[in-house]
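Student: Take a look at the following structure, please.
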Protein chains: 2
Amino acid sequence: MAITIYDIAREAKVGIGTVSRVFNSHPNVTKETREKVLAVAKRLNYQPHVYAQGLARQRTNTFAAIIPFFTNYFFIEILQGVQEKISSIGFDLILHGVNHPDEIDESLRRSSRRGRVDGIIFFSMRLPDTFAKKWKDLEIPIVLVDTFHEEFDSITVENFQGAQTATEHLISLGHTNIGMITANVKSDPARIRLEGFRAALKKHTIEVNERNIIVSDVTKLDGFSRDAGYLAMKEMLKLGTSLPTAIFISSDVQAIGAISALREKGLRVPDDVAIVSFDDIELAQHFGLTTMRQPMHRMGELAVDQIVKRKQNPSALPIQMRFMPELVVRQSCGAKKISPNIEDYVHHKDINEVAAPHD
Amino acid sequence: MAITIYDIAREAKVGIGTVSRVFNSHPNVTKETREKVLAVAKRLNYQPHVYAQGLARQRTNTFAAIIPFFTNYFFIEILQGVQEKISSIGFDLILHGVNHPDEIDESLRRSSRRGRVDGIIFFSMRLPDTFAKKWKDLEIPIVLVDTFHEEFDSITVENFQGAQTATEHLISLGHTNIGMITANVKSDPARIRLEGFRAALKKHTIEVNERNIIVSDVTKLDGFSRDAGYLAMKEMLKLGTSLPTAIFISSDVQAIGAISALREKGLRVPDDVAIVSFDDIELAQHFGLTTMRQPMHRMGELAVDQIVKRKQNPSALPIQMRFMPELVVRQSCGAKKISPNIEDYVHHKDINEVAAPHD
DNA sequence: CTGAAAGCGCTAACAT
DNA sequence: ATGTTAGCGCTTTCAG
């Protein structure tokens, strides 16, 4: 059996309480005994038992992240922020992947087992109402990322305005025949981006051609995938003659798929079709995508910060943090026809943060 | 305070032992008392305290994965296999990202804290010898993925033969002026793939032109990155006139970067330069990369299986599982000049598994 | 400042 | 079949 504080107490000829105090850097220990204890502990290669600590302290120093599984680069980049921040504060991260909608419940249940985690970061999925209640009672800090529920802290991006900005960029380049490819509208971001798109056209009194709006019915990844983008573009191409001169696409990965479909038909971006997408995942740069940047890494870090804050002040009103996505102009929109790609024309100004307490 | 077995024992007028038995589906409980207990538990919304269970049972039902951080798609695909398998057996996954070599120690230390996890999956990094010893003593199952140490179970890919196959494919297409771009040779896979490349040329008595071998000195991600590939190709292009007609590149991501660099010079793949790379990440298909497929998802699942097996039989000799990567022919090598991409010409035969007990 | 003792919530061996 | 009890390893009063 492994070394316990009893072992080291015996060796150091002190009580276990003292040993405990030493490791918790409690002030009431003389320098001599502290050093004596530490010496023995080192000699015996003592390591505290995390679960015993957790049980006694009534906290676990671990957070859970529940993610609709991370084959999606968007999540990975957020997750990276989460991971770095969590380990920087000495906590552990438990990862729950949700590959199928049916698994949401299971994941929620598993991570909310009593004493399992001190906080939960919940990604992108709509939080079932049954759990909203349950979690409120649980009294464990929860923060929502890329999704919203009025009872919890949330970190989101202004999808509506982002979509509007993207569309207006296309309009400003002279396009009037503009289409959109959006992910499954079961997903809130997809739905809202579509609304933003419509609003932008309306604002500029451009007629919406419903034929040029392709709404993905792919369920896998809610249609935020290369395949979904590819299929959607195929469909748009199939519809015949009046291909729009510009398309707003609800995510970078979809745009990449869409570009493939265009290439197959011998069509070029931006010459034949201009494209603006959303997210600015790392690959967007490679493809020269003009896109709406979401500060993913930052969002991940903030999620962790917010959980920590929430632990300290459980009764504060839910906070809603909303980021304004930023237009990153590269080649796919046709605004810059200079060198092929790899170069990135974004102005590296700081992301705007809009932290507004929820009413 | 939350509900404990004491609460439910009192309510159901039974002993805590009985309650415990019910939840552990111990046979010695009558149907009536079982149902009574279950009813009360449900009414009170009882949830077992994971840490208390862990402490009493002396096991945690969680595994840790230590990954050189997953901005690399290769790891993500393995991790996905790991994640799915782990949750399918009802375990939890703790994720330790290692972003900097200095953090390896810290991660190792943290996940090997006593009673923290029941097993560790260690990815791609060379295991420091100090820890090899320490972990042996720890008596906790450890499996290495994409890296090797003779004292532990490991799951790897035949890098040498894979590189050889890739190179020979290029040779079989008639190329004789073949170059290679490899990641940082601090990484074993990068180094071994380079050796395989050399061996293939030698076998076919083709002279090695050292100028056409670019070894990345990028340290970030050990040079397995788009940027590293881009820079390496730039360097190769800078060297002047004798660009090889074919290049073997040590990973798909690097190949993607390299292709960017070629495009900037107006060079086309495979017309001007044929390319074969390694890994077959999801994106490889999109780029039409001919590549050596590693069964990443499978490797992840297997890692979990092996940890479980190792728990059952701690004293068995270390197992070494080696996969033979499979050549997937797409467009980048020039063997098929048919349609642009998206289509995948691989024969979907099963991956070969070579499980050989270590000596 | 330090030792002893009482939990933390659960499991498992031991009685009955 | 069920209740009782002794841990699991640590934290944290409570005396002294």
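Residue numbering restarts at 1 for every chain of the structure tokens, chains are lettered A, B, ... in their displayed order, and ligands are numbered from 1 as they appear.
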Write out as a ChimeraX atom specification the residues lying within 10 Å of D:DT12, counting only C-alpha atoms (C1' of nucleotides) and excluding same-chain residues fewer than 3 positions away.

Tutor: /A:17,20-21,56-57 /C:6-7

Student: I need the residues from that last selection saved to file as an mmCIF file, in the first residue's frame (with C-alpha atoms (C1' of nucleotides)), if you can.

Tutor:
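For reference, out-v6.cif as written:
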```cif
data_model
loop_
_atom_site.group_PDB
_atom_site.id
_atom_site.type_symbol
_atom_site.label_atom_id
_atom_site.label_comp_id
_atom_site.auth_asym_id
_atom_site.auth_seq_id
_atom_site.Cartn_x
_atom_site.Cartn_y
_atom_site.Cartn_z
ATOM 1 C CA GLY A 17 -2.829 16.718 12.053
ATOM 2 C CA SER A 20 -1.787 17.740 7.194
ATOM 3 C CA ARG A 21 -1.101 21.272 8.312
ATOM 4 C CA ALA A 56 -12.655 15.713 3.291
ATOM 5 C CA ARG A 57 -12.547 19.106 1.636
ATOM 6 C "C1'" DA C 6 -14.503 13.287 14.748
ATOM 7 C "C1'" DG C 7 -16.150 13.323 10.448
#
```

Student: If we count only C-alpha atoms (C1' of nucleotides), what is near stretch 9-16 of chain C at a cut-off of 8 Å, once residues fewer than 6 positions away on the same chain are taken out, given as a PyMOL selection string?

Tutor: (chain A and resi 55) or (chain B and resi 4-5+20+49+52-53+55-57) or (chain D and resi 4)

Student: Hey, list the chain D side of the contact with chain A: 8 Å cut-off, only C-alpha atoms (C1' of nucleotides), answer as a list in words.

Tutor: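 In the required form, that comes to DC8, DG9, DC10 and DT11 of chain D.
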
Student: I need the chosen residues saved as a JSON list (two decimals), in the first residue's frame, with N, CA and C atoms (P, O5', C5', C4', C3', O3' and C1' of nucleotides).

Tutor:
```json
[["chain", "number", "residue", "atom", "x", "y", "z"],
["D", 8, "DC", "P", -7.42, 1.28, 6.21],
["D", 8, "DC", "O5'", -7.96, 2.11, 4.97],
["D", 8, "DC", "C5'", -8.31, 1.48, 3.75],
["D", 8, "DC", "C4'", -8.79, 2.56, 2.80],
["D", 8, "DC", "C3'", -8.01, 3.85, 2.94],
["D", 8, "DC", "O3'", -7.00, 3.88, 1.93],
["D", 8, "DC", "C1'", -10.39, 4.24, 2.80],
["D", 9, "DG", "P", -5.48, 4.16, 2.36],
["D", 9, "DG", "O5'", -5.47, 5.74, 2.49],
["D", 9, "DG", "C5'", -5.67, 6.52, 1.33],
["D", 9, "DG", "C4'", -5.88, 7.96, 1.73],
["D", 9, "DG", "C3'", -4.76, 8.56, 2.56],
["D", 9, "DG", "O3'", -4.37, 9.76, 1.95],
["D", 9, "DG", "C1'", -6.86, 8.96, 3.56],
["D", 10, "DC", "P", -3.31, 10.72, 2.58],
["D", 10, "DC", "O5'", -4.25, 11.92, 3.04],
["D", 10, "DC", "C5'", -5.00, 12.61, 2.03],
["D", 10, "DC", "C4'", -6.10, 13.40, 2.66],
["D", 10, "DC", "C3'", -5.64, 14.55, 3.53],
["D", 10, "DC", "O3'", -5.90, 15.78, 2.85],
["D", 10, "DC", "C1'", -7.45, 13.34, 4.51],
["D", 11, "DT", "P", -5.40, 17.14, 3.54],
["D", 11, "DT", "O5'", -6.72, 17.55, 4.34],
["D", 11, "DT", "C5'", -7.89, 17.88, 3.61],
["D", 11, "DT", "C4'", -8.98, 18.33, 4.56],
["D", 11, "DT", "C3'", -8.67, 19.61, 5.32],
["D", 11, "DT", "O3'", -9.89, 20.35, 5.33],
["D", 11, "DT", "C1'", -9.18, 17.89, 6.85]]
```

Student: Between B:Val145, B:Leu201, B:Val14, B:Ile281, which has the minimum distance to chain A (counting only C-alpha atoms)?

Tutor: B:Ile281

Student: Can you list every residue of chain B that has an atom at most 8 Å from chain A, with its nearest atom pair and the distance in Å to one decimal, using only C-alpha atoms, ordered by chain then number, as a tab-separated table?

Tutor:
```
residue	atom	partner	partner_atom	distance
B:Gln47	CA	A:Arg114	CA	6.1
B:Pro48	CA	A:Arg114	CA	6.4
B:His49	CA	A:Arg114	CA	5.0
B:Val50	CA	A:Arg116	CA	5.8
B:Tyr51	CA	A:Tyr51	CA	5.3
B:Ala52	CA	A:Leu55	CA	6.1
B:Gly54	CA	A:Tyr51	CA	6.7
B:Leu55	CA	A:Tyr51	CA	5.9
B:Phe70	CA	A:Gln80	CA	7.7
B:Thr71	CA	A:Ile76	CA	7.3
B:Ile76	CA	A:Thr71	CA	7.3
B:Glu77	CA	A:Thr71	CA	7.5
B:Gln80	CA	A:Phe70	CA	7.7
B:Gln83	CA	A:Gly97	CA	6.8
B:Glu84	CA	A:Gly97	CA	7.4
B:Ser87	CA	A:His96	CA	7.9
B:Asp92	CA	A:Ile94	CA	6.8
B:Leu93	CA	A:Ile94	CA	5.6
B:Ile94	CA	A:Ile94	CA	4.5
B:Leu95	CA	A:Leu93	CA	5.7
B:His96	CA	A:Leu93	CA	7.5
B:Gly97	CA	A:Gln83	CA	6.8
B:Arg113	CA	A:Gln47	CA	6.2
B:Arg114	CA	A:His49	CA	5.0
B:Gly115	CA	A:His49	CA	5.5
B:Arg116	CA	A:Val50	CA	5.8
B:Gly257	CA	A:His286	CA	8.0
B:Ser260	CA	A:Ile342	CA	7.2
B:Arg263	CA	A:Pro340	CA	7.6
B:Glu264	CA	A:Pro340	CA	6.1
B:His286	CA	A:Ser260	CA	7.6
B:Ser339	CA	A:Glu264	CA	7.5
B:Pro340	CA	A:Glu264	CA	6.0
B:Asn341	CA	A:Ser260	CA	7.6
B:Ile342	CA	A:Ser260	CA	7.3
```

Student: Limited to N, CA and C atoms, could you put the picked residues into a file as a tab-separated table (two decimals), in the first residue's frame?

Tutor:
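So the final result, stored in result12.tsv, reads:
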```tsv
chain	number	residue	atom	x	y	z
B	47	GLN	N	-27.86	10.66	-5.26
B	47	GLN	CA	-26.76	10.38	-6.19
B	47	GLN	C	-25.53	9.99	-5.40
B	48	PRO	N	-24.94	8.87	-5.71
B	48	PRO	CA	-23.75	8.46	-4.96
B	48	PRO	C	-22.63	9.48	-5.10
B	49	HIS	N	-21.86	9.60	-4.08
B	49	HIS	CA	-20.73	10.52	-4.10
B	49	HIS	C	-19.52	9.79	-4.68
B	50	VAL	N	-19.12	10.24	-5.84
B	50	VAL	CA	-18.07	9.54	-6.57
B	50	VAL	C	-16.77	9.41	-5.78
B	51	TYR	N	-16.42	10.46	-5.10
B	51	TYR	CA	-15.14	10.42	-4.38
B	51	TYR	C	-15.20	9.48	-3.19
B	52	ALA	N	-16.33	9.44	-2.55
B	52	ALA	CA	-16.46	8.52	-1.41
B	52	ALA	C	-16.37	7.08	-1.91
B	54	GLY	N	-14.87	6.16	-4.60
B	54	GLY	CA	-13.50	5.95	-5.05
B	54	GLY	C	-12.59	5.62	-3.88
B	55	LEU	N	-12.79	6.35	-2.81
B	55	LEU	CA	-11.94	6.14	-1.64
B	55	LEU	C	-12.17	4.74	-1.06
B	70	PHE	N	-3.45	19.11	-28.48
B	70	PHE	CA	-4.21	18.61	-29.61
B	70	PHE	C	-4.59	19.64	-30.66
B	71	THR	N	-3.73	20.59	-30.92
B	71	THR	CA	-4.02	21.39	-32.10
B	71	THR	C	-3.74	20.54	-33.33
B	76	ILE	N	-6.27	14.46	-32.35
B	76	ILE	CA	-7.69	14.59	-32.14
B	76	ILE	C	-8.40	13.34	-32.59
B	77	GLU	N	-7.99	12.82	-33.72
B	77	GLU	CA	-8.68	11.64	-34.21
B	77	GLU	C	-8.43	10.43	-33.31
B	80	GLN	N	-10.47	10.94	-30.14
B	80	GLN	CA	-11.88	10.65	-30.32
B	80	GLN	C	-12.16	9.17	-30.07
B	83	GLN	N	-11.95	8.63	-26.36
B	83	GLN	CA	-13.09	9.19	-25.66
B	83	GLN	C	-14.32	8.28	-25.80
B	84	GLU	N	-14.59	7.89	-27.00
B	84	GLU	CA	-15.78	7.07	-27.22
B	84	GLU	C	-15.70	5.76	-26.46
B	87	SER	N	-16.06	6.30	-22.62
B	87	SER	CA	-17.39	6.52	-22.07
B	87	SER	C	-18.28	5.31	-22.30
B	92	ASP	N	-14.53	7.82	-16.89
B	92	ASP	CA	-14.32	9.22	-17.21
B	92	ASP	C	-12.92	9.43	-17.77
B	93	LEU	N	-12.78	10.48	-18.52
B	93	LEU	CA	-11.51	10.80	-19.15
B	93	LEU	C	-10.99	12.13	-18.62
B	94	ILE	N	-9.81	12.11	-18.06
B	94	ILE	CA	-9.16	13.37	-17.67
B	94	ILE	C	-8.13	13.70	-18.72
B	95	LEU	N	-8.19	14.93	-19.17
B	95	LEU	CA	-7.33	15.34	-20.26
B	95	LEU	C	-6.20	16.22	-19.77
B	96	HIS	N	-4.98	15.82	-20.07
B	96	HIS	CA	-3.84	16.67	-19.75
B	96	HIS	C	-3.17	17.10	-21.03
B	97	GLY	N	-3.24	18.35	-21.32
B	97	GLY	CA	-2.56	18.84	-22.50
B	97	GLY	C	-1.15	19.26	-22.15
B	113	ARG	N	-0.86	11.26	-9.40
B	113	ARG	CA	-1.15	11.41	-7.98
B	113	ARG	C	-1.95	10.20	-7.54
B	114	ARG	N	-1.64	9.74	-6.41
B	114	ARG	CA	-2.24	8.53	-5.93
B	114	ARG	C	-3.77	8.60	-5.93
B	115	GLY	N	-4.39	7.58	-6.43
B	115	GLY	CA	-5.84	7.52	-6.36
B	115	GLY	C	-6.53	8.45	-7.33
B	116	ARG	N	-5.78	9.03	-8.24
B	116	ARG	CA	-6.41	9.96	-9.14
B	116	ARG	C	-7.05	9.26	-10.32
B	257	GLY	N	0.64	22.47	-45.91
B	257	GLY	CA	1.45	23.69	-45.90
B	257	GLY	C	2.37	23.76	-47.10
B	260	SER	N	0.71	24.84	-50.20
B	260	SER	CA	0.52	26.29	-50.23
B	260	SER	C	1.75	26.98	-50.80
B	263	ARG	N	1.95	26.47	-54.47
B	263	ARG	CA	0.96	27.28	-55.18
B	263	ARG	C	1.42	28.71	-55.34
B	264	GLU	N	2.07	29.20	-54.28
B	264	GLU	CA	2.54	30.59	-54.34
B	264	GLU	C	3.52	30.79	-55.47
B	286	HIS	N	-9.88	15.75	-48.48
B	286	HIS	CA	-10.25	17.00	-49.12
B	286	HIS	C	-9.17	17.49	-50.07
B	339	SER	N	-10.98	12.76	-61.57
B	339	SER	CA	-11.70	13.94	-61.10
B	339	SER	C	-10.94	14.62	-59.96
B	340	PRO	N	-11.23	15.87	-59.72
B	340	PRO	CA	-10.47	16.68	-58.78
B	340	PRO	C	-10.24	16.02	-57.41
B	341	ASN	N	-11.27	15.97	-56.60
B	341	ASN	CA	-11.03	15.30	-55.32
B	341	ASN	C	-12.32	14.86	-54.66
B	342	ILE	N	-12.37	14.97	-53.34
B	342	ILE	CA	-13.52	14.54	-52.55
B	342	ILE	C	-13.71	13.02	-52.66
```

Student: For C:DA4, work out the shell of residues within 9 Å, counting only C-alpha atoms (C1' of nucleotides) and skipping chain neighbours fewer than 6 positions away, then give it as a PyMOL selection string.

Tutor: (chain A and resi 15+17) or (chain D and resi 14-15)

Student: Please report as a tab-separated table every residue of chain C lying within 7 Å of chain A, along with the nearest atom pair and their distance in Å (one decimal), using only C-alpha atoms (C1' of nucleotides).

Tutor:
```
residue	atom	partner	partner_atom	distance
C:DC1	C1'	A:Asn28	CA	6.0
C:DT2	C1'	A:Thr18	CA	6.7
C:DG3	C1'	A:Gly15	CA	5.5
C:DC8	C1'	A:Ala56	CA	4.7
```

Student: List every residue of stretch 94-243 of chain B that DSSP, applied to the backbone of this structure, assigns to alpha helix (DSSP H), and report them as a VMD selection string.

Tutor: chain B and resid 103 to 111 129 to 138 159 to 172 188 to 203 226 to 238

Student: Just C-alpha atoms for this one: save the residues we selected as a short mmCIF file (atom, residue, chain, number, x, y, z; two decimals), in the first residue's frame.

Tutor:
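So out39.cif came out as:
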```
data_model
loop_
_atom_site.label_atom_id
_atom_site.label_comp_id
_atom_site.auth_asym_id
_atom_site.auth_seq_id
_atom_site.Cartn_x
_atom_site.Cartn_y
_atom_site.Cartn_z
CA GLU B 103 5.13 20.55 -18.93
CA ILE B 104 5.52 16.82 -19.44
CA ASP B 105 6.84 16.32 -15.95
CA GLU B 106 4.09 18.35 -14.42
CA SER B 107 1.44 16.42 -16.31
CA LEU B 108 2.93 13.12 -15.39
CA ARG B 109 3.11 14.11 -11.81
CA ARG B 110 -0.42 15.40 -11.72
CA SER B 111 -2.01 12.39 -13.30
CA ASP B 129 13.36 7.50 -17.97
CA THR B 130 12.84 8.90 -14.54
CA PHE B 131 9.14 8.43 -14.98
CA ALA B 132 9.47 5.03 -16.50
CA LYS B 133 10.82 3.82 -13.18
CA LYS B 134 8.42 5.80 -11.11
CA TRP B 135 5.45 4.51 -13.03
CA LYS B 136 6.50 0.94 -12.82
CA ASP B 137 6.40 1.31 -9.05
CA LEU B 138 3.09 3.06 -9.21
CA ASN B 159 6.89 4.17 -39.49
CA PHE B 160 9.88 2.67 -41.19
CA GLN B 161 7.98 0.41 -43.51
CA GLY B 162 5.28 2.98 -44.03
CA ALA B 163 7.80 5.52 -45.22
CA GLN B 164 9.36 2.90 -47.41
CA THR B 165 6.04 2.00 -48.99
CA ALA B 166 5.24 5.65 -49.60
CA THR B 167 8.59 6.23 -51.24
CA GLU B 168 8.36 3.11 -53.34
CA HIS B 169 4.99 4.19 -54.56
CA LEU B 170 6.63 7.31 -55.90
CA ILE B 171 9.39 5.24 -57.42
CA SER B 172 6.87 2.93 -59.04
CA ASP B 188 10.91 9.50 -33.26
CA PRO B 189 8.27 9.11 -35.97
CA ALA B 190 9.86 11.90 -37.98
CA ARG B 191 13.29 10.41 -37.65
CA ILE B 192 12.20 6.88 -38.49
CA ARG B 193 10.21 7.98 -41.50
CA LEU B 194 13.30 9.64 -42.80
CA GLU B 195 15.20 6.40 -42.36
CA GLY B 196 12.52 4.50 -44.21
CA PHE B 197 12.75 6.99 -47.03
CA ARG B 198 16.48 6.56 -47.31
CA ALA B 199 16.16 2.80 -47.19
CA ALA B 200 13.66 2.79 -50.05
CA LEU B 201 15.91 4.84 -52.27
CA LYS B 202 18.86 2.71 -51.43
CA LYS B 203 16.95 -0.46 -52.14
CA ARG B 226 1.12 23.32 -41.60
CA ASP B 227 3.54 26.15 -40.93
CA ALA B 228 6.50 23.84 -40.69
CA GLY B 229 5.55 22.23 -43.99
CA TYR B 230 5.14 25.61 -45.60
CA LEU B 231 8.52 26.81 -44.40
CA ALA B 232 10.26 23.61 -45.38
CA MET B 233 8.92 23.83 -48.90
CA LYS B 234 9.92 27.46 -49.14
CA GLU B 235 13.39 26.42 -48.19
CA MET B 236 13.44 23.67 -50.76
CA LEU B 237 12.26 26.08 -53.40
CA LYS B 238 14.91 28.57 -52.41
#
```

Student: Let's see if you can do this: from backbone DSSP, list all strand (DSSP E or B) residues in stretch 117-163 of chain B, as a ChimeraX atom specification.

Tutor: /B:119-123,142-145,153-157

Student: Output N, CA and C atoms for every residue in the selection just made, as an mmCIF file, in the first residue's frame.

Tutor:
```
data_model
loop_
_atom_site.group_PDB
_atom_site.id
_atom_site.type_symbol
_atom_site.label_atom_id
_atom_site.label_comp_id
_atom_site.auth_asym_id
_atom_site.auth_seq_id
_atom_site.Cartn_x
_atom_site.Cartn_y
_atom_site.Cartn_z
ATOM 1 N N GLY B 119 -5.634 4.549 -14.775
ATOM 2 C CA GLY B 119 -4.789 4.208 -15.909
ATOM 3 C C GLY B 119 -4.417 5.460 -16.677
ATOM 4 N N ILE B 120 -3.335 5.375 -17.423
ATOM 5 C CA ILE B 120 -2.864 6.543 -18.156
ATOM 6 C C ILE B 120 -2.547 6.175 -19.597
ATOM 7 N N ILE B 121 -3.008 6.999 -20.503
ATOM 8 C CA ILE B 121 -2.637 6.835 -21.903
ATOM 9 C C ILE B 121 -1.708 7.985 -22.263
ATOM 10 N N PHE B 122 -0.542 7.636 -22.676
ATOM 11 C CA PHE B 122 0.504 8.630 -22.889
ATOM 12 C C PHE B 122 0.827 8.718 -24.379
ATOM 13 N N PHE B 123 0.711 9.894 -24.926
ATOM 14 C CA PHE B 123 0.798 10.049 -26.373
ATOM 15 C C PHE B 123 2.121 10.608 -26.883
ATOM 16 N N ILE B 142 -0.399 1.634 -17.775
ATOM 17 C CA ILE B 142 -0.031 2.724 -18.660
ATOM 18 C C ILE B 142 0.103 2.184 -20.062
ATOM 19 N N VAL B 143 -0.456 2.878 -21.026
ATOM 20 C CA VAL B 143 -0.195 2.478 -22.398
ATOM 21 C C VAL B 143 0.277 3.663 -23.205
ATOM 22 N N LEU B 144 1.269 3.374 -24.011
ATOM 23 C CA LEU B 144 1.894 4.395 -24.841
ATOM 24 C C LEU B 144 1.269 4.351 -26.230
ATOM 25 N N VAL B 145 0.926 5.489 -26.757
ATOM 26 C CA VAL B 145 0.390 5.534 -28.106
ATOM 27 C C VAL B 145 1.294 6.401 -28.969
ATOM 28 N N ASP B 153 3.201 -1.245 -22.347
ATOM 29 C CA ASP B 153 2.408 -1.569 -23.524
ATOM 30 C C ASP B 153 2.460 -0.386 -24.476
ATOM 31 N N SER B 154 2.495 -0.675 -25.752
ATOM 32 C CA SER B 154 2.514 0.433 -26.689
ATOM 33 C C SER B 154 1.753 0.121 -27.967
ATOM 34 N N ILE B 155 1.229 1.157 -28.555
ATOM 35 C CA ILE B 155 0.510 1.031 -29.807
ATOM 36 C C ILE B 155 1.157 1.997 -30.785
ATOM 37 N N THR B 156 1.746 1.446 -31.804
ATOM 38 C CA THR B 156 2.450 2.314 -32.742
ATOM 39 C C THR B 156 2.166 1.894 -34.168
ATOM 40 N N VAL B 157 2.746 2.633 -35.053
ATOM 41 C CA VAL B 157 2.602 2.335 -36.461
ATOM 42 C C VAL B 157 3.989 2.065 -37.021
#
```

Student: What does the distance from atom CA of A:Ser225 to atom CA of A:His297 come to in Å, to one decimal?

Tutor: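 Result for atom CA of A:Ser225 versus atom CA of A:His297: 19.9 Å, one decimal.
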
Student: Near A:Asn212, within 10 Å and counting only C-alpha atoms (C1' of nucleotides), which residues show up once chain neighbours fewer than 2 positions away are dropped, as a list of chain:residue names?

Tutor: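 These residues fall inside the cut-off: A:Asn177, A:Ile178, A:Gly179, A:Met180, A:Ile181, A:Val208, A:Asn209, A:Glu210, A:Ile214, A:Val215, A:Glu235, A:Met236, A:Leu237, A:Leu239, A:Ser242, A:Leu243, A:Pro244, A:Ile247.
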
Student: Figure out the distance between atom CA of A:Phe278 and atom CA of B:Val253, please, to one decimal in Å.

Tutor: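 According to the coordinates, atom CA of B:Val253 and atom CA of A:Phe278 are separated by 22.1 Å.
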
Student: Please indicate the distance in Å from atom CA of A:Thr290 to atom CA of A:Val329, rounded to one decimal place.

Tutor: 4.6 Å
